[in-house]
Amino acid sequence: MLKRFLIYFRRYKAQFLLGILFLAIVDLIDIIQPLIIMYAVDDLSKPNAPSILLWYAIIYMGLGVLQGRGRFWYRIFFFGPSYKIARDIRNELFSHLQTLSSNYFNRTYTGDIMSRATSDIEAVRQFYAMGMFIGADLIVYVLTVPVIMFFLNVKLTLLSLVLLPALPFFVNRMGNLIHNRFKKIQETAAEISTYSQENFAGIRVVKSFAQEENQKSGFKQINDKYVDQNLSIAKVESVFSPTLQFIAAASVLIVLYFGGKEVIGGTISDGTFVAFTLYMGRLLWPMMALGWTISIFQRSSASMQRLQEIFGAKAEIISPPQPVAKKLEGAIEFKNVGLAYQGLGSENTQKEPALQGVNLKIPAGKTVAIMGPVGCGKTSLINLIPRLFDPTEGSVLIDGVDLRQYDLGDLRKQIGFAPQDVFLFSESIKENIGLGIQDYKESDIQRIVTSAKLSMVGADIEGLPGKYETLLGERGVNLSGGQKQRITIARALAKKPKILILDDCFASVDVDTESLILDEFQSVLPDLTTIIISHRLPVVKVADIIVFMEKGQVVETGSHSELLARKGRYADFYRQQQLITDLEKIE
Amino acid sequence: MSGHGKSYHLDDEILGKVYDHTLMKRLFGYVRPYYAVFALALFLVLLSTVCFLIGPALTGSIIDIGIKQKNVPALYSLCALYLSITVLSWLISFISTNVLAYLGQKIMFDLKSRLFAHLQNMSLRFFDKNPVGRLVTRVTNDIGTLSDLFSVGLVTVFNDVVMVAGLVVVMFWMDAYLTLVALSIALLLIPITIFFKAKIRNAYRDIRLKLAQINAYLAENIAGIRVTKLFNRENKNLELFNDINDGHFKACRRSIIYDGSFVSSVTILRAVSIGLVIYYGGSAVSDDTIKLGVWVAFLTYTMHFFNPIQDLADKYTLFQAAMASAERVFKILDTPAEIVDPEKPVPLPAIRGEIAFENVWFAYPSDSDTPPDARLNELQFGQVTPGDAQEGFTVKDKTPLYVLKNIAFSVKAGESIAIVGITGSGKSTIINLLSRFYDVDKGRILIDGIDIRNLRQSELRKQMGIVLQDVFIFSGTVLDNICLGEKTISLEKCREIANYVHADTFIEQLPNQYNGSVAERGVTFSTGQRQLLSFTRALAFAPRILILDEATSSIDVETESYIQDAIKKVIKGRTSIIIAHRLSTIKNVDRILVIHHGELKEIGTHQELLDKQGIYYKLYKLQFKA
């Protein structure tokens, strides 16, 4: 972890070093100031005291101006890079998150990621800003003040610093306590944000079941825990800082008593005595600062650890080092494919794998309908094609090459996928359909419009005030569920894919429209390999091959008529559907 | 920032004054339960200020009385006094740190619970308008900022003000002339503060705005990560994110420059003040007009004088942020729940389950006007996309767009009816109104002859089991998802019901079965499994009225036949309203209502309606023409 802190430090080393330089200048001036006062006190009895004092005053002011400028610059050089580091970490985190596979997001709560990306990064930034700055400050004072004091009077210095060796032990112990408690606090904070996020997203269910009171008390419980944890950290801090201050004040007292006696005895001058009290005051700050630095460091290292957990998550699905470059034909083959999902948190795998021993060949250019009862693995199967998941057993091949040998980006570029869950970005319709296009050329626009028309959403879009430039989301317009689904279909088409996958994405589209869209696809895109999951009848009509699945396995494959003739599970399934229809008719 | 970023502007545009009297007054309302604690905290602060101020004066006395007069016993006793004050300071710090933490945490707890509770009472219309991410930010970040205000801010400010006042008093008491010399320069602080105030305020406002954009963008992207991958959008997303992130950084950098300039000015002023005291004070000492100890103490006080002022300036941004947060939090607390329980709710004992709609008219509010089915779809996966909550095309003309027009029908206790109609006809709205997620515009809805607006919402809803088309799965265990925290429902009961609706098969395949945890929003479950779970959930509450909202629309034929089987058992002796596109559901019900463009067009049994050869007949044909 320290390594990670160092990496970012090195990146802005020059600036940090400049910052330290300016800080050292400012601190040295601060350390010289008591000396000026010392000389002023000692020169009071001289006959030309006022004119000497005037010079001391001018020197003091001049140094003050320098110090003021220095304070400006060390802020720039310390805080500036700290914000740069926060920016960098956030960018890196974001970019890393994008490489992680679906499994990771199934396991991890969104609210948790959010809180790491904001409050934990801020805590880490504090290390570079306040932590390092105070730390450097501390070092300068600790290295210089005692030296000057030694020069002034060895005996008094030794006496006044007698309490200091107790510090490291005390600070270390307190630091550990704070670290552990702070980590717990951060965890609870994430829990609060997750709990409320879920509650708000599921408010309809909460209300439907009149669960408001239960939710409130559940929230109170976490909130209570949060308060307790915060109070427990306050308890540590309430002993910590005051005790450091106490040690410092006690040291001042030693100076006052022993130093006072020395002055009375004539061994040291008034000025030296005054300078000593001022120096003790200046040691008070680093002692307090020591506490702060430790607590800042503890907090930020706890946060860094939490960030590290994300950075440590390996992208499970990545491109091979030497990918096969090839334009896809679109023939897909599943060879003995098995898939088991990882559960949330500690729980590992489901007892029953989602897919088991799937063998399936889909020739290029064919339309395939995958059917089967709930949870039989239809979505799991098609998720393997764009490598949203990798099979845990066996392999998936396109054009005879294992998917894992293609470049991930290349592969996905050639697959159009309309998932079950509609997701649109808060951007324009154009950008949502042309997702992934960097600069829009005329041909891209054309393709977007054509795809929208093919997906029967073109007219809807033309009817909007901003047409394709209409913004979606909060600041823009929102569409109906059916329109959204059709936009996701258009989006899949706009890629000019070799393989098109439609995962049950007609749920909010009426049967007629579904039928029309499918017919259109067939006539316009004859050599497109199309895989459709749907329970509805139009699919049967357009499919060359029907794949019937049950319990994660492919049970039957063939054309509609073949399968009917086989009188197997599909025939049962279909007959059942017809039976219901007949029953309806009879009644 | 590129043009894309524009869509991530959020609500957080409240600027925040540093001090707002009305807001402060309200915030203090939350201190009221802890007045005694608060008073104690202030007292402790006052005490510690006094202790602090005694320090330099005591040092001065040690010089003047002990050292200059070579009085060792006096030196001894003054040092003893110093020691006792040091011990006292330790004690005060110890107590006040705990007291302040307690105060801040308690107030935060109250505010947070209050806000959360208030949100629980808000109607769906509110949630339609406010994205989840925004509300979470209110509950976490904004409350956190306010907690800082109470635990650190207020007391520090009090401390600083007391300190400055105390210093001025002590200094004047020691030497008025020298005080005027030293502090004349301090007056320059006023124009300097005014100059930097505006700039710093703007910079900080910018920082907060940019941070809100970062959060919004992040939330949206995590929700849409799969789509991003499928469409190779990673680079473009990263570019957009970098832009926003860089904007945030630049705003931060501006704040450092202004902050630094301010600090730099204060440092210079302080040095000038001290220089003046060195010259004028020193001259006075050498003239014997003042004593050495007094001068030394005076120097120390002058050095300290600028600290609280610097500190106050540091707290400036805290106050600004807190005021902005307070404004946002209060804005939510001030938004009245549109649907409230009546003052004297009619008690609702075990109901018979009669439902009557009397000439009901309803329009969705124009600012979130949307077809009801779209609205339902919106909630389907409970995504956190910040953009997804506010809906609908903006309606240009002001005439309300009635989704339901003059709907009148009644359902007898124990009777089951089905509502059919094409997408957007208003079917789902009927259910939204019956469960009082929205209130009718005209007409009324009665249950057992009682207007539902006269009932307590929770009592009303407890009588109903609702299976939504969109299934929301909470994190937690399967059991949690069935019982939703209702402890009266036993595991046995859950098993029984799950068995009833054939949800047991997949639940029992999970590693820990009913105690197995489900991933966020049930992503590892298929749609059908989620619906079966939701079905179990509805039945677990043993409702008198059962509502199924298109619950069967994406379940395959085989599972549906399971559910049909369950429905048959479940609706027996229970008032049921079912919305389904599938005619297989309809065969189990007593009567069918056909809704078309918000109007009730046909009522009757399946056969009657078929014979009529009207809309129902066409719907029937449409569904089965393939």
# chains A, B, ... in the order shown; residues from 1 in each chain; ligands from 1
>>> residues_around(residues="Gly465 in chain B", least_positions_apart="3", cutoff="9 Å", atoms="only C-alpha atoms", output="NGL selection string")
(:A and (208-209)) or (:B and (461-462 or 535 or 537-548))
>>> write_last_selection(atoms="N, CA and C atoms", output="short mmCIF file (atom, residue, chain, number, x, y, z; two decimals), in the first residue's frame")
data_model
loop_
_atom_site.label_atom_id
_atom_site.label_comp_id
_atom_site.auth_asym_id
_atom_site.auth_seq_id
_atom_site.Cartn_x
_atom_site.Cartn_y
_atom_site.Cartn_z
N SER A 208 -46.03 -0.66 -1.49
CA SER A 208 -47.05 -1.67 -1.77
C SER A 208 -47.26 -2.58 -0.57
N PHE A 209 -46.18 -2.87 0.12
CA PHE A 209 -46.30 -3.81 1.23
C PHE A 209 -46.32 -3.10 2.57
N ARG B 461 -52.95 -0.55 2.21
CA ARG B 461 -52.04 -1.39 1.43
C ARG B 461 -51.81 -2.75 2.06
N LYS B 462 -51.97 -2.80 3.38
CA LYS B 462 -51.80 -4.09 4.05
C LYS B 462 -52.88 -5.07 3.61
N PHE B 535 -44.19 -13.01 -6.53
CA PHE B 535 -45.49 -13.64 -6.31
C PHE B 535 -45.57 -14.20 -4.89
N ARG B 537 -43.85 -13.21 -2.43
CA ARG B 537 -43.84 -12.05 -1.54
C ARG B 537 -45.26 -11.52 -1.32
N ALA B 538 -46.00 -11.38 -2.41
CA ALA B 538 -47.35 -10.84 -2.30
C ALA B 538 -48.23 -11.75 -1.45
N LEU B 539 -48.11 -13.05 -1.69
CA LEU B 539 -49.00 -13.98 -0.99
C LEU B 539 -48.62 -14.14 0.48
N ALA B 540 -47.36 -13.90 0.80
CA ALA B 540 -46.90 -14.07 2.18
C ALA B 540 -47.66 -13.14 3.12
N PHE B 541 -48.16 -12.06 2.58
CA PHE B 541 -48.85 -11.09 3.43
C PHE B 541 -50.35 -11.37 3.54
N ALA B 542 -50.80 -12.51 3.03
CA ALA B 542 -52.19 -12.95 3.10
C ALA B 542 -53.19 -11.82 2.87
N PRO B 543 -53.15 -11.23 1.69
CA PRO B 543 -54.00 -10.07 1.44
C PRO B 543 -55.46 -10.44 1.18
N ARG B 544 -56.36 -9.48 1.45
CA ARG B 544 -57.78 -9.67 1.12
C ARG B 544 -58.01 -9.36 -0.36
N ILE B 545 -57.20 -8.43 -0.84
CA ILE B 545 -57.34 -8.05 -2.25
C ILE B 545 -56.03 -8.38 -2.94
N LEU B 546 -56.13 -9.09 -4.04
CA LEU B 546 -54.91 -9.46 -4.75
C LEU B 546 -54.84 -8.70 -6.07
N ILE B 547 -53.69 -8.09 -6.30
CA ILE B 547 -53.53 -7.35 -7.54
C ILE B 547 -52.35 -7.90 -8.31
N LEU B 548 -52.60 -8.31 -9.53
CA LEU B 548 -51.51 -8.80 -10.37
C LEU B 548 -51.39 -7.85 -11.54
#
>>> select_by_dssp(residues="range 344-542 of chain A", states="helix (DSSP H, G or I)", output="number ranges by chain")
A: 378-383, 403-405, 408-413, 429-433, 442-454, 458-462, 467-469, 481-494, 511-524, 537-542
>>> closest_residue(among="A:Phe9, A:Asn103, A:Tyr39, A:Leu18", to="Asp88 in chain A", atoms="only C-alpha atoms")
A:Phe9
>>> atom_distance(atom1="CA of Phe5 in chain A", atom2="CA of Arg87 in chain A")
14.4 Å
>>> atom_distance(atom1="CA of Gly614 in chain B", atom2="CA of Leu433 in chain B")
26.7 Å
>>> residues_around(residues="range 281-293 of chain A", least_positions_apart="6", cutoff="9 Å", atoms="only C-alpha atoms", output="PyMOL selection string")
chain A and resi 30-31+127+130-135+137-139+141-142+145-146+167+171+174-175+240-242+244-245+247-249+252
>>> write_last_selection(atoms="N, CA and C atoms", output="CSV table (one decimal), in the first residue's frame")
chain,number,residue,atom,x,y,z
A,30,ASP,N,9.9,31.3,10.5
A,30,ASP,CA,9.1,31.2,11.8
A,30,ASP,C,10.0,30.9,12.9
A,31,ILE,N,11.1,30.1,12.7
A,31,ILE,CA,12.0,29.7,13.7
A,31,ILE,C,13.0,30.8,14.1
A,127,PHE,N,-4.1,12.8,2.5
A,127,PHE,CA,-2.7,12.4,2.8
A,127,PHE,C,-1.7,13.3,2.1
A,130,MET,N,-2.9,17.6,3.3
A,130,MET,CA,-2.6,17.9,4.7
A,130,MET,C,-1.6,17.0,5.3
A,131,GLY,N,-1.7,15.7,5.1
A,131,GLY,CA,-0.8,14.7,5.7
A,131,GLY,C,0.7,15.0,5.4
A,132,MET,N,1.0,15.1,4.1
A,132,MET,CA,2.4,15.4,3.8
A,132,MET,C,2.9,16.7,4.2
A,133,PHE,N,2.0,17.7,4.1
A,133,PHE,CA,2.3,19.1,4.4
A,133,PHE,C,2.6,19.2,5.9
A,134,ILE,N,1.7,18.7,6.7
A,134,ILE,CA,1.9,18.8,8.1
A,134,ILE,C,3.2,17.9,8.5
A,135,GLY,N,3.3,16.8,7.9
A,135,GLY,CA,4.4,15.9,8.2
A,135,GLY,C,5.8,16.6,7.9
A,137,ASP,N,6.3,19.8,7.7
A,137,ASP,CA,6.3,20.9,8.7
A,137,ASP,C,7.0,20.4,10.0
A,138,LEU,N,6.4,19.2,10.4
A,138,LEU,CA,6.8,18.6,11.7
A,138,LEU,C,8.3,18.3,11.6
A,139,ILE,N,8.8,17.7,10.5
A,139,ILE,CA,10.2,17.3,10.5
A,139,ILE,C,11.1,18.6,10.6
A,141,TYR,N,10.5,21.4,12.0
A,141,TYR,CA,10.5,22.0,13.4
A,141,TYR,C,11.3,21.1,14.3
A,142,VAL,N,11.1,19.8,14.2
A,142,VAL,CA,11.8,18.9,15.1
A,142,VAL,C,13.3,18.9,14.9
A,145,VAL,N,14.4,23.3,15.7
A,145,VAL,CA,14.1,24.0,17.0
A,145,VAL,C,15.0,23.5,18.1
A,146,PRO,N,15.1,22.2,18.3
A,146,PRO,CA,16.0,21.7,19.4
A,146,PRO,C,17.4,22.1,19.2
A,167,LEU,N,6.5,10.2,23.4
A,167,LEU,CA,5.5,10.4,22.3
A,167,LEU,C,5.4,9.3,21.3
A,171,VAL,N,1.7,7.8,20.3
A,171,VAL,CA,1.1,8.1,19.0
A,171,VAL,C,0.8,6.9,18.2
A,174,MET,N,-2.3,5.0,19.6
A,174,MET,CA,-3.5,5.7,19.3
A,174,MET,C,-3.8,5.6,17.8
A,175,GLY,N,-2.7,5.7,17.0
A,175,GLY,CA,-2.9,5.6,15.5
A,175,GLY,C,-3.6,4.3,15.1
A,240,PHE,N,-6.3,11.6,22.8
A,240,PHE,CA,-5.1,11.8,22.0
A,240,PHE,C,-4.6,13.2,22.0
A,241,SER,N,-5.4,14.1,21.3
A,241,SER,CA,-4.9,15.4,21.1
A,241,SER,C,-4.7,16.2,22.4
A,242,PRO,N,-5.6,16.2,23.4
A,242,PRO,CA,-5.4,16.9,24.6
A,242,PRO,C,-4.1,16.4,25.3
A,244,LEU,N,-1.4,15.2,24.0
A,244,LEU,CA,-0.2,15.7,23.3
A,244,LEU,C,0.0,17.2,23.7
A,245,GLN,N,-1.1,17.9,23.8
A,245,GLN,CA,-1.0,19.3,24.2
A,245,GLN,C,-0.6,19.5,25.6
A,247,ILE,N,1.4,17.4,27.2
A,247,ILE,CA,2.8,17.2,27.2
A,247,ILE,C,3.6,18.4,26.8
A,248,ALA,N,3.1,19.1,25.8
A,248,ALA,CA,3.7,20.3,25.3
A,248,ALA,C,3.7,21.4,26.4
A,249,ALA,N,2.5,21.6,27.0
A,249,ALA,CA,2.3,22.6,28.0
A,249,ALA,C,3.2,22.3,29.2
A,252,VAL,N,6.6,23.5,28.5
A,252,VAL,CA,6.7,25.0,28.7
A,252,VAL,C,6.9,25.3,30.2
>>> residues_around(residues="range 210-218 of chain A", least_positions_apart="2", cutoff="10 Å", atoms="only C-alpha atoms", output="number ranges by chain")
A: 195-196, 199, 203-208, 220-224; B: 113-114, 116-121, 457-464, 483-487
